[in-house]
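**Q** One structure follows; several queries about it will come next.
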Amino acid sequence: MQHPLSLYNTLTRRKDPFEPVNSPFVGVYLCGPTVYSEAHLGNARGPVVFDVLTRYLRHLGYTVRYVRNVTDVGHLESDADEGEDKMAKAARAQRKEPMQIAQHFANLYRQNMLALGCLPPDIEPQASGHITEQITMVEEIMANGFAYEVNGSVYFDVPRYNAERERYGKLSNRSIDDQLAGTRDTLAGQDEKRSPLDFAIWKKAAPEHIMRWPSPWGEGFPGWHLECSAMSRKYLGGLSDIHGGGLDLMFPHHECEIAQCQGSHTRTDESRFWMHNNMITVDGTKMSKSLGNFVLLGEMFKGPTATLTQAYSPMVVRFFLLQAHYRSPVDVSDEALQAARKGYRKLMNGLRLLEKLQLPEGTERAADTEKADAELRKLVADVFVGFNDDLNTARAIASLFNLLRKFNGFFANLTTLSTVSEAALAEATESYRTVVTQVLGLVDEPRANAEQLLELTLSFYQEAKTAKAYDKVDQIRAALKGQGIVIKDLKTGVDWAYEE
Ligand SMILES: [Zn+2]
């Protein structure tokens, strides 16, 4: 496939030309949510960015299989191997089954993602449905000598792996010494581990632990990092094309995933490209559940919230997330969201404008349109330059606005359309429409409240009746009838009903 798409690969620390393992097929895996609570704005950035990435890859002609998992077991309170399982904790607090919690928040998550315009993933595997695959992977890693069992738990032997197979830390670019320095104080309570760098790939279930499965090492549950390796391998093969997630997943989660794949019989880096989106910040600080500075998506759509003075629609939020390059942090505020709303509306007005760009009848087209056509085509090409440069949506959107400025110029004086050829104009308008709606996934939201418009129409009807303007009265009646609405004249005024 001929295209100049480059993507920043965390693993190589540079922009690499995108080349699939098995073109035209592309496998993309995004680490999905741990479904123990409602998603906040910070959680939405990854899904929106990777939605645009998969849309763009499809636009380029690839056949994409997009996997976004649901974590419903194994994610402990601390990202290390300690604390209670997040799902079990929520279940205990709410006196519910863990799977009930998982189902509830997974449903809510899907609703929010659909509202944000994210296409449903092709496969949405749940960790609890892939215990067998995870046990197999643990067995492989043990057979290769990179894991050991202690009291029913299995730990990944990081020093041995680092010495005999691959550099542990190659993704996050950390040396073993630095990592050791960072863990020295936390060894307490981890006496089962031979090294503080080791991580659990299987944990023995304590008697009170609800989520548990039989295994060769007794009843237990998989370590959080293991599910993504096992499910990525199952659905995308031993080497996928793109593995994505937030920057905060790079270490330890993704570092551990690579170690597990290299340490098992797979012996690959799990994915060719590792991509990480930056964080959403509030006054410069990362938005996170633990810091309490988050705004839930559901609340944001309805607004106002504790930190935002009004509601912001899902499409405005989507535009807000895409107006920045995914590797830059984005700070959220009323001001920033209002600017995003302006930008989003501008793009939508552009869509409506396209329909009206018609050369007035009787206007002669210029004999030579070559130069103007080339200019127009350059504006369109610039949009794709943005996408091809590491999915730089900020740059692509800026170029879309340049193209839109050109359209606005034509619209201000339609006879100027005579300077470009019909073909060049059609290409430009089609590209604008495709990029906005299909690639960026920005669609027009209902613009007005139908109920309010109806009330307004009824007040005009009442005025016309009072003024005995019966032509107007009939006209309004007929227009509403066309919409399946009948006007009822009452002694007390007017009302409406659906036509039965
Ligand atoms: Zn993951």
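Letters A, B, ... go to the chains of the structure tokens in the order shown; residues in each chain start at 1; ligands are counted from 1 in the same order.
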Taking only C-alpha atoms and all ligand atoms into account, list the residues no farther than 10 Å from ligand 1, as JSON, numbers by chain.
**A** {"A": [29, 30, 31, 32, 33, 34, 68, 69, 70, 71, 224, 225, 226, 227, 228, 229, 231, 232, 243, 244, 245, 246, 249, 250, 253, 254, 256, 257]}
**Q** Show me, as a compact mmCIF listing (two decimals) with N, CA and C atoms, in the first residue's frame, the residues that have an atom within 8 Å of region 97-99 of chain A when counting only C-alpha atoms, minus same-chain residues fewer than 3 positions from it.
**A**
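File written: result35.txt
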```
# COMPACT_ATOMS: atom_id res chain seq x y z
N ASP A 72 -11.73 -6.96 33.86
CA ASP A 72 -12.71 -7.21 34.93
C ASP A 72 -12.15 -8.09 36.03
N MET A 87 -12.10 -4.49 41.24
CA MET A 87 -13.47 -4.96 41.03
C MET A 87 -14.07 -5.49 42.33
N ALA A 88 -13.28 -6.33 43.01
CA ALA A 88 -13.78 -6.94 44.24
C ALA A 88 -14.07 -5.88 45.29
N ALA A 90 -14.99 -2.71 44.79
CA ALA A 90 -16.23 -2.02 44.45
C ALA A 90 -17.43 -2.91 44.75
N ALA A 91 -17.29 -4.21 44.46
CA ALA A 91 -18.39 -5.15 44.70
C ALA A 91 -18.71 -5.23 46.19
N ALA A 102 -18.95 -5.21 36.91
CA ALA A 102 -18.27 -5.19 35.60
C ALA A 102 -19.26 -4.90 34.48
N GLN A 103 -20.40 -5.60 34.53
CA GLN A 103 -21.41 -5.43 33.47
C GLN A 103 -21.95 -3.99 33.47
N MET A 211 -13.15 -13.57 43.25
CA MET A 211 -12.86 -13.97 41.88
C MET A 211 -11.67 -14.92 41.86
```
**Q** Name the closest residue to Phe410 (chain A) among the candidates A:Ile135, A:Leu376, A:Val385, A:Ala497; distances are taken between atoms, counting only C-alpha atoms.
**A**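 Ranking A:Ile135, A:Leu376, A:Val385, A:Ala497 by distance to Phe410 (chain A), first place goes to A:Leu376.
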**Q** Which residues come within 8 Å of Val473 (chain A), counting only C-alpha atoms, excluding same-chain residues fewer than 5 positions away, as a VMD selection string?
**A** chain A and resid 461 464 to 465
**Q** So the first atom is CA of Thr266 (chain A) and the second is CA of Ala147 (chain A); what is the distance between them in Å, to one decimal place?
**A**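 Calculated distance between CA of Thr266 (chain A) and CA of Ala147 (chain A) is 15.2 Å.
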**Q** List the spatial neighbours of Phe387 (chain A) as a PDB file with N, CA and C atoms, in the first residue's frame - criterion: any atom at most 12 Å away, only C-alpha atoms, same-chain residues fewer than 5 positions off excluded.
**A**
```pdb
ATOM      1  N   HIS A   3       1.567   4.898   0.826  1.00  0.00           N
ATOM      2  CA  HIS A   3       1.144   6.054   1.630  1.00  0.00           C
ATOM      3  C   HIS A   3       2.338   6.478   2.462  1.00  0.00           C
ATOM      4  N   PRO A   4       2.388   7.731   2.857  1.00  0.00           N
ATOM      5  CA  PRO A   4       3.554   8.192   3.635  1.00  0.00           C
ATOM      6  C   PRO A   4       3.288   8.283   5.135  1.00  0.00           C
ATOM      7  N   LEU A   5       2.453   7.378   5.684  1.00  0.00           N
ATOM      8  CA  LEU A   5       2.131   7.465   7.113  1.00  0.00           C
ATOM      9  C   LEU A   5       3.312   7.036   7.993  1.00  0.00           C
ATOM     10  N   SER A   6       3.688   7.926   8.901  1.00  0.00           N
ATOM     11  CA  SER A   6       4.691   7.579   9.908  1.00  0.00           C
ATOM     12  C   SER A   6       4.043   7.701  11.280  1.00  0.00           C
ATOM     13  N   LEU A   7       4.453   6.840  12.189  1.00  0.00           N
ATOM     14  CA  LEU A   7       3.922   6.892  13.546  1.00  0.00           C
ATOM     15  C   LEU A   7       5.070   6.856  14.535  1.00  0.00           C
ATOM     16  N   VAL A  49      -8.496   8.833  20.362  1.00  0.00           N
ATOM     17  CA  VAL A  49      -7.306   8.882  19.499  1.00  0.00           C
ATOM     18  C   VAL A  49      -7.194   7.606  18.667  1.00  0.00           C
ATOM     19  N   VAL A  52      -9.681   7.337  15.870  1.00  0.00           N
ATOM     20  CA  VAL A  52      -9.293   8.090  14.672  1.00  0.00           C
ATOM     21  C   VAL A  52      -8.170   7.350  13.936  1.00  0.00           C
ATOM     22  N   LEU A  53      -7.258   6.751  14.686  1.00  0.00           N
ATOM     23  CA  LEU A  53      -6.177   5.999  14.036  1.00  0.00           C
ATOM     24  C   LEU A  53      -6.752   4.837  13.204  1.00  0.00           C
ATOM     25  N   THR A  54      -7.667   4.063  13.798  1.00  0.00           N
ATOM     26  CA  THR A  54      -8.230   2.926  13.040  1.00  0.00           C
ATOM     27  C   THR A  54      -9.061   3.437  11.864  1.00  0.00           C
ATOM     28  N   ARG A  55      -9.778   4.538  12.056  1.00  0.00           N
ATOM     29  CA  ARG A  55     -10.552   5.118  10.945  1.00  0.00           C
ATOM     30  C   ARG A  55      -9.607   5.544   9.816  1.00  0.00           C
ATOM     31  N   TYR A  56      -8.488   6.138  10.201  1.00  0.00           N
ATOM     32  CA  TYR A  56      -7.564   6.616   9.164  1.00  0.00           C
ATOM     33  C   TYR A  56      -6.927   5.429   8.427  1.00  0.00           C
ATOM     34  N   LEU A  57      -6.551   4.394   9.186  1.00  0.00           N
ATOM     35  CA  LEU A  57      -5.964   3.209   8.545  1.00  0.00           C
ATOM     36  C   LEU A  57      -6.958   2.592   7.565  1.00  0.00           C
ATOM     37  N   HIS A  59      -9.310   4.271   6.062  1.00  0.00           N
ATOM     38  CA  HIS A  59      -9.381   5.230   4.960  1.00  0.00           C
ATOM     39  C   HIS A  59      -8.247   4.978   3.962  1.00  0.00           C
ATOM     40  N   LEU A  60      -7.078   4.583   4.481  1.00  0.00           N
ATOM     41  CA  LEU A  60      -5.934   4.307   3.598  1.00  0.00           C
ATOM     42  C   LEU A  60      -6.109   2.994   2.838  1.00  0.00           C
ATOM     43  N   LEU A 322      -9.291  16.073  19.986  1.00  0.00           N
ATOM     44  CA  LEU A 322      -8.572  15.905  18.719  1.00  0.00           C
ATOM     45  C   LEU A 322      -7.851  17.159  18.239  1.00  0.00           C
ATOM     46  N   HIS A 325      -2.336  17.378  19.293  1.00  0.00           N
ATOM     47  CA  HIS A 325      -1.652  16.153  18.893  1.00  0.00           C
ATOM     48  C   HIS A 325      -1.697  15.187  20.071  1.00  0.00           C
ATOM     49  N   TYR A 326      -1.876  13.902  19.790  1.00  0.00           N
ATOM     50  CA  TYR A 326      -2.109  12.952  20.890  1.00  0.00           C
ATOM     51  C   TYR A 326      -0.917  12.811  21.837  1.00  0.00           C
ATOM     52  N   VAL A 380      -5.996  20.621   0.101  1.00  0.00           N
ATOM     53  CA  VAL A 380      -6.498  19.301   0.477  1.00  0.00           C
ATOM     54  C   VAL A 380      -5.330  18.403   0.906  1.00  0.00           C
ATOM     55  N   ALA A 381      -4.258  18.429   0.120  1.00  0.00           N
ATOM     56  CA  ALA A 381      -3.098  17.564   0.433  1.00  0.00           C
ATOM     57  C   ALA A 381      -2.536  17.888   1.811  1.00  0.00           C
ATOM     58  N   ASP A 382      -2.544  19.189   2.181  1.00  0.00           N
ATOM     59  CA  ASP A 382      -2.019  19.603   3.487  1.00  0.00           C
ATOM     60  C   ASP A 382      -2.745  18.906   4.642  1.00  0.00           C
ATOM     61  N   ASN A 392      -1.084  13.621  13.379  1.00  0.00           N
ATOM     62  CA  ASN A 392      -1.161  14.944  13.992  1.00  0.00           C
ATOM     63  C   ASN A 392      -2.499  15.600  13.629  1.00  0.00           C
ATOM     64  N   THR A 393      -3.508  15.304  14.457  1.00  0.00           N
ATOM     65  CA  THR A 393      -4.856  15.811  14.183  1.00  0.00           C
ATOM     66  C   THR A 393      -4.910  17.328  14.362  1.00  0.00           C
ATOM     67  N   ALA A 394      -4.036  17.858  15.221  1.00  0.00           N
ATOM     68  CA  ALA A 394      -4.018  19.322  15.413  1.00  0.00           C
ATOM     69  C   ALA A 394      -3.667  19.988  14.085  1.00  0.00           C
ATOM     70  N   ARG A 395      -2.667  19.445  13.433  1.00  0.00           N
ATOM     71  CA  ARG A 395      -2.220  20.004  12.159  1.00  0.00           C
ATOM     72  C   ARG A 395      -3.272  19.760  11.067  1.00  0.00           C
ATOM     73  N   ALA A 396      -3.861  18.589  11.073  1.00  0.00           N
ATOM     74  CA  ALA A 396      -4.886  18.270  10.065  1.00  0.00           C
ATOM     75  C   ALA A 396      -6.079  19.212  10.209  1.00  0.00           C
ATOM     76  N   ILE A 397      -6.475  19.488  11.454  1.00  0.00           N
ATOM     77  CA  ILE A 397      -7.629  20.367  11.677  1.00  0.00           C
ATOM     78  C   ILE A 397      -7.293  21.802  11.256  1.00  0.00           C
ATOM     79  N   ALA A 398      -6.073  22.238  11.563  1.00  0.00           N
ATOM     80  CA  ALA A 398      -5.659  23.587  11.138  1.00  0.00           C
ATOM     81  C   ALA A 398      -5.722  23.689   9.604  1.00  0.00           C
ATOM     82  N   SER A 399      -5.305  22.638   8.914  1.00  0.00           N
ATOM     83  CA  SER A 399      -5.365  22.637   7.448  1.00  0.00           C
ATOM     84  C   SER A 399      -6.803  22.596   6.943  1.00  0.00           C
ATOM     85  N   LEU A 400      -7.660  21.896   7.686  1.00  0.00           N
ATOM     86  CA  LEU A 400      -9.086  21.876   7.308  1.00  0.00           C
ATOM     87  C   LEU A 400      -9.662  23.286   7.369  1.00  0.00           C
ATOM     88  N   VAL A 435     -13.040  13.645   5.548  1.00  0.00           N
ATOM     89  CA  VAL A 435     -12.127  13.819   6.685  1.00  0.00           C
ATOM     90  C   VAL A 435     -12.904  14.194   7.944  1.00  0.00           C
ATOM     91  N   VAL A 439     -13.167  10.321   9.057  1.00  0.00           N
ATOM     92  CA  VAL A 439     -11.864  10.116   9.704  1.00  0.00           C
ATOM     93  C   VAL A 439     -11.862  10.734  11.105  1.00  0.00           C
ATOM     94  N   LEU A 440     -12.222  12.002  11.206  1.00  0.00           N
ATOM     95  CA  LEU A 440     -12.273  12.606  12.543  1.00  0.00           C
ATOM     96  C   LEU A 440     -13.522  12.151  13.300  1.00  0.00           C
TER      97      LEU A 440
END
```
**Q** According to DSSP computed on the backbone, where in region 146-348 of chain A is there strand (DSSP E or B)? Give the residues as a PyMOL selection string.
**A** chain A and resi 147-150+153-156+199-204+213+220-222+240-246+271-277+280-282+285-286+296+330-331
**Q** May I ask for the distance between CA of Pro252 (chain A) and CA of Phe320 (chain A), given in Å to one decimal place?
**A**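 Spanning CA of Pro252 (chain A) to CA of Phe320 (chain A) is a straight-line distance of 28.8 Å.
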**Q** For Ala44 (chain A), which residue out of A:Asn402, A:Gln358, A:Asn278, A:Gln94 is the nearest one, using only C-alpha atoms?
**A** A:Asn278
**Q** Taking 3 positions as the minimum chain separation for residues in the same chain, which residues sit within 9 Å of Val420 (chain A) when counting only C-alpha atoms? Answer as a PDB file with N, CA and C atoms, in the first residue's frame.
**A**
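Everything below was put into result.pdb:
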```pdb
ATOM      1  N   ARG A 365     -17.278  29.261 -17.070  1.00  0.00           N
ATOM      2  CA  ARG A 365     -16.101  28.798 -16.341  1.00  0.00           C
ATOM      3  C   ARG A 365     -14.852  29.322 -17.052  1.00  0.00           C
ATOM      4  N   ALA A 366     -13.827  29.676 -16.284  1.00  0.00           N
ATOM      5  CA  ALA A 366     -12.603  30.207 -16.884  1.00  0.00           C
ATOM      6  C   ALA A 366     -11.982  29.170 -17.814  1.00  0.00           C
ATOM      7  N   ASP A 368      -8.795  28.635 -18.367  1.00  0.00           N
ATOM      8  CA  ASP A 368      -7.638  27.973 -17.751  1.00  0.00           C
ATOM      9  C   ASP A 368      -7.793  27.948 -16.234  1.00  0.00           C
ATOM     10  N   THR A 369      -8.076  26.769 -15.681  1.00  0.00           N
ATOM     11  CA  THR A 369      -8.271  26.659 -14.227  1.00  0.00           C
ATOM     12  C   THR A 369      -7.083  25.981 -13.552  1.00  0.00           C
ATOM     13  N   GLU A 370      -6.050  25.711 -14.324  1.00  0.00           N
ATOM     14  CA  GLU A 370      -4.946  24.878 -13.835  1.00  0.00           C
ATOM     15  C   GLU A 370      -4.320  25.386 -12.533  1.00  0.00           C
ATOM     16  N   LYS A 371      -4.027  26.691 -12.504  1.00  0.00           N
ATOM     17  CA  LYS A 371      -3.326  27.250 -11.347  1.00  0.00           C
ATOM     18  C   LYS A 371      -4.230  27.215 -10.100  1.00  0.00           C
ATOM     19  N   ALA A 372      -5.489  27.626 -10.289  1.00  0.00           N
ATOM     20  CA  ALA A 372      -6.417  27.645  -9.155  1.00  0.00           C
ATOM     21  C   ALA A 372      -6.715  26.224  -8.674  1.00  0.00           C
ATOM     22  N   ASP A 373      -6.782  25.285  -9.614  1.00  0.00           N
ATOM     23  CA  ASP A 373      -7.009  23.880  -9.235  1.00  0.00           C
ATOM     24  C   ASP A 373      -5.851  23.364  -8.380  1.00  0.00           C
ATOM     25  N   LEU A 376      -6.043  24.647  -4.875  1.00  0.00           N
ATOM     26  CA  LEU A 376      -7.091  23.965  -4.111  1.00  0.00           C
ATOM     27  C   LEU A 376      -6.622  22.570  -3.712  1.00  0.00           C
ATOM     28  N   THR A 416     -16.982  33.374  -8.288  1.00  0.00           N
ATOM     29  CA  THR A 416     -15.547  33.048  -8.262  1.00  0.00           C
ATOM     30  C   THR A 416     -15.309  31.545  -8.410  1.00  0.00           C
ATOM     31  N   LEU A 417     -16.374  30.755  -8.256  1.00  0.00           N
ATOM     32  CA  LEU A 417     -16.235  29.311  -8.477  1.00  0.00           C
ATOM     33  C   LEU A 417     -15.839  29.012  -9.919  1.00  0.00           C
ATOM     34  N   ALA A 423     -14.174  19.349 -11.396  1.00  0.00           N
ATOM     35  CA  ALA A 423     -13.547  18.156 -10.807  1.00  0.00           C
ATOM     36  C   ALA A 423     -12.745  18.511  -9.560  1.00  0.00           C
ATOM     37  N   ALA A 424     -11.954  19.594  -9.638  1.00  0.00           N
ATOM     38  CA  ALA A 424     -11.127  19.975  -8.483  1.00  0.00           C
ATOM     39  C   ALA A 424     -12.009  20.361  -7.302  1.00  0.00           C
ATOM     40  N   LEU A 425     -13.108  21.061  -7.596  1.00  0.00           N
ATOM     41  CA  LEU A 425     -14.017  21.461  -6.517  1.00  0.00           C
ATOM     42  C   LEU A 425     -14.666  20.226  -5.885  1.00  0.00           C
TER      43      LEU A 425
END
```
**Q** Taking only C-alpha atoms into account, name the residue in A:Val282, A:Met287, A:Leu359, A:Cys118 that is nearest to Asp248 (chain A).
**A**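 Using only C-alpha atoms, Asp248 (chain A) sits closest to A:Met287.
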**Q** When you look at Gln483 (chain A) with a cut-off of 12 Å (counting only C-alpha atoms), what residues show up, excluding the ones that are within fewer than 2 positions of it in the same chain? I need them as number ranges by chain.
**A** A: 450, 454, 476-481, 485-487, 496-499
**Q** Find the residues near region 213-219 of chain A: any atom within 10 Å, counting only C-alpha atoms, skip ones fewer than 6 places away on the same chain, and give them as a list in words.
**A**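 With the cut-off at 10 Å, the set is Ser128, Ile131, Thr132, Ile135, Thr136, Glu139, Glu149, Val150, Asn151, Gly152, Ser153, Val154, Trp202, Lys203, Lys204, Ala205, Ala206 and Pro207 of chain A.
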